[in-house]
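Structure, as structure tokens:
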Amino acid sequence: QVQLVESGGGLVQAGGSLRLSCAGPGRTFSSYTMGWFRQAPGKEREFVAVINLNGANTNYADSVKGRFTISRDNAKKIVYLQMNSLKPEDTAVYYCAAAIGYSSINYYSRANSFAYWGQGTQVTVSS
């Protein structure tokens with residue numbers, strides 16, 4: 001069973017920053033494409049960012065481009081989401097996701113492209 005464990009969520013004022021972390025699958029972490037999604041109350045789960053196996057390719061939702069950065073450390077088996085210039089509309093539960101292997105980067109903007117999910121971490125941005 002693949003386990004993903006997110007951390008780093010919390011309450012922050014608008015304009016502030018947070019860094020989310022996700023401890024990924026064990027020995028084979030570098031074999032997984034990793035992504036972040038979020039879900040606000042009453043809304044569908046939406047794509048935030050994705051990173052390929054070696055970190056060379058990334059993709060972002062338009063709503064977070066220029067503010068969020070996804071990165072990974074394959075030695076530590078962790079994927080990060082650095083969130084800057086946070087807005088109240090960024091408030092959501094953030095989920096880490098993993099998919100074995102890699103296709104084209106655009107394939108991973110859909111939640112059903114990922115087989116494994118973390119439990120989520122709450123991010124609340126106050127105005």
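Going by the structure tokens order, chains are called A, B, ..., each with residues numbered from 1, while ligands are numbered from 1 in the order shown.
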Exercise. Could you name the residues that touch A:Gln1 at 12 Å or less, counting only C-alpha atoms, but leaving out those on the same chain fewer than 4 positions away, as a ChimeraX atom specification?
Worked result: /A:24-26,115-118
Exercise. Skipping near chain neighbours, those fewer than 4 positions away, what residues fall within 6 Å of stretch 100-114 of chain A using only C-alpha atoms, listed as a ChimeraX atom specification?
Worked result: /A:31-33,47
What would the file look like if the residues just selected were written as a CSV table (one decimal), in the first residue's frame with N, CA, C and O atoms?
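Final output, selection20.csv:
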```
chain,number,residue,atom,x,y,z
A,31,SER,N,10.1,6.8,-8.8
A,31,SER,CA,9.3,6.2,-9.9
A,31,SER,C,7.9,6.8,-10.0
A,31,SER,O,7.1,6.4,-10.8
A,32,TYR,N,7.6,7.8,-9.1
A,32,TYR,CA,6.2,8.4,-9.1
A,32,TYR,C,6.2,9.8,-9.5
A,32,TYR,O,7.0,10.6,-9.0
A,33,THR,N,5.3,10.1,-10.4
A,33,THR,CA,4.9,11.5,-10.7
A,33,THR,C,4.1,12.0,-9.5
A,33,THR,O,3.2,11.3,-9.0
A,47,PHE,N,-6.9,20.7,-9.6
A,47,PHE,CA,-5.5,20.5,-9.8
A,47,PHE,C,-4.8,21.8,-9.4
A,47,PHE,O,-5.3,22.9,-9.6
```
Problem set entry | Residue with smallest distance to A:Cys22 - pool A:Asn84, A:Gln119, A:Thr91, A:Gln39, counting only C-alpha atoms |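 Using only C-alpha atoms, A:Cys22 sits closest to A:Gln119.
Between A:Pro41 and the candidates A:Ala99, A:Ala61, A:Val123, A:Ala75, the tightest atom-to-atom separation, counting only C-alpha atoms, involves A:Val123.
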For A:Ala40, work out the shell of residues within 10 Å, counting only C-alpha atoms and skipping chain neighbours fewer than 6 positions away, then give it as an mmCIF file with N, CA, C and O atoms, in the first residue's frame.
```
data_model
loop_
_atom_site.group_PDB
_atom_site.id
_atom_site.type_symbol
_atom_site.label_atom_id
_atom_site.label_comp_id
_atom_site.auth_asym_id
_atom_site.auth_seq_id
_atom_site.Cartn_x
_atom_site.Cartn_y
_atom_site.Cartn_z
ATOM 1 N N GLU A 46 -9.612 20.254 -7.243
ATOM 2 C CA GLU A 46 -8.994 20.870 -8.408
ATOM 3 C C GLU A 46 -7.484 20.732 -8.402
ATOM 4 O O GLU A 46 -6.839 20.696 -7.355
ATOM 5 N N GLU A 89 -8.911 32.984 -1.382
ATOM 6 C CA GLU A 89 -9.450 31.946 -2.270
ATOM 7 C C GLU A 89 -8.551 30.719 -2.386
ATOM 8 O O GLU A 89 -8.935 29.730 -3.016
ATOM 9 N N ASP A 90 -7.372 30.764 -1.789
ATOM 10 C CA ASP A 90 -6.514 29.575 -1.721
ATOM 11 C C ASP A 90 -6.913 28.655 -0.569
ATOM 12 O O ASP A 90 -6.366 27.556 -0.432
ATOM 13 N N THR A 91 -7.832 29.102 0.273
ATOM 14 C CA THR A 91 -8.291 28.303 1.398
ATOM 15 C C THR A 91 -8.913 26.999 0.907
ATOM 16 O O THR A 91 -9.819 27.010 0.071
ATOM 17 N N ALA A 92 -8.397 25.879 1.399
ATOM 18 C CA ALA A 92 -8.858 24.562 0.954
ATOM 19 C C ALA A 92 -8.108 23.491 1.738
ATOM 20 O O ALA A 92 -7.135 23.783 2.436
ATOM 21 N N VAL A 93 -8.567 22.266 1.588
ATOM 22 C CA VAL A 93 -7.774 21.118 2.003
ATOM 23 C C VAL A 93 -6.877 20.750 0.822
ATOM 24 O O VAL A 93 -7.356 20.577 -0.301
ATOM 25 N N TYR A 94 -5.593 20.652 1.094
ATOM 26 C CA TYR A 94 -4.607 20.343 0.046
ATOM 27 C C TYR A 94 -4.208 18.880 0.151
ATOM 28 O O TYR A 94 -3.866 18.400 1.234
ATOM 29 N N GLN A 122 -5.150 21.070 5.924
ATOM 30 C CA GLN A 122 -5.975 22.268 5.790
ATOM 31 C C GLN A 122 -5.095 23.509 5.669
ATOM 32 O O GLN A 122 -4.164 23.711 6.470
ATOM 33 N N VAL A 123 -5.400 24.335 4.684
ATOM 34 C CA VAL A 123 -4.782 25.654 4.536
ATOM 35 C C VAL A 123 -5.895 26.682 4.595
ATOM 36 O O VAL A 123 -6.860 26.612 3.834
#
```
Exercise. So, counting only C-alpha atoms, which residue among A:Pro88, A:Cys96, A:Gly120, A:Met83 is closest to A:Gln13?
Worked result: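 So, comparing all the options, the nearest one is A:Pro88.
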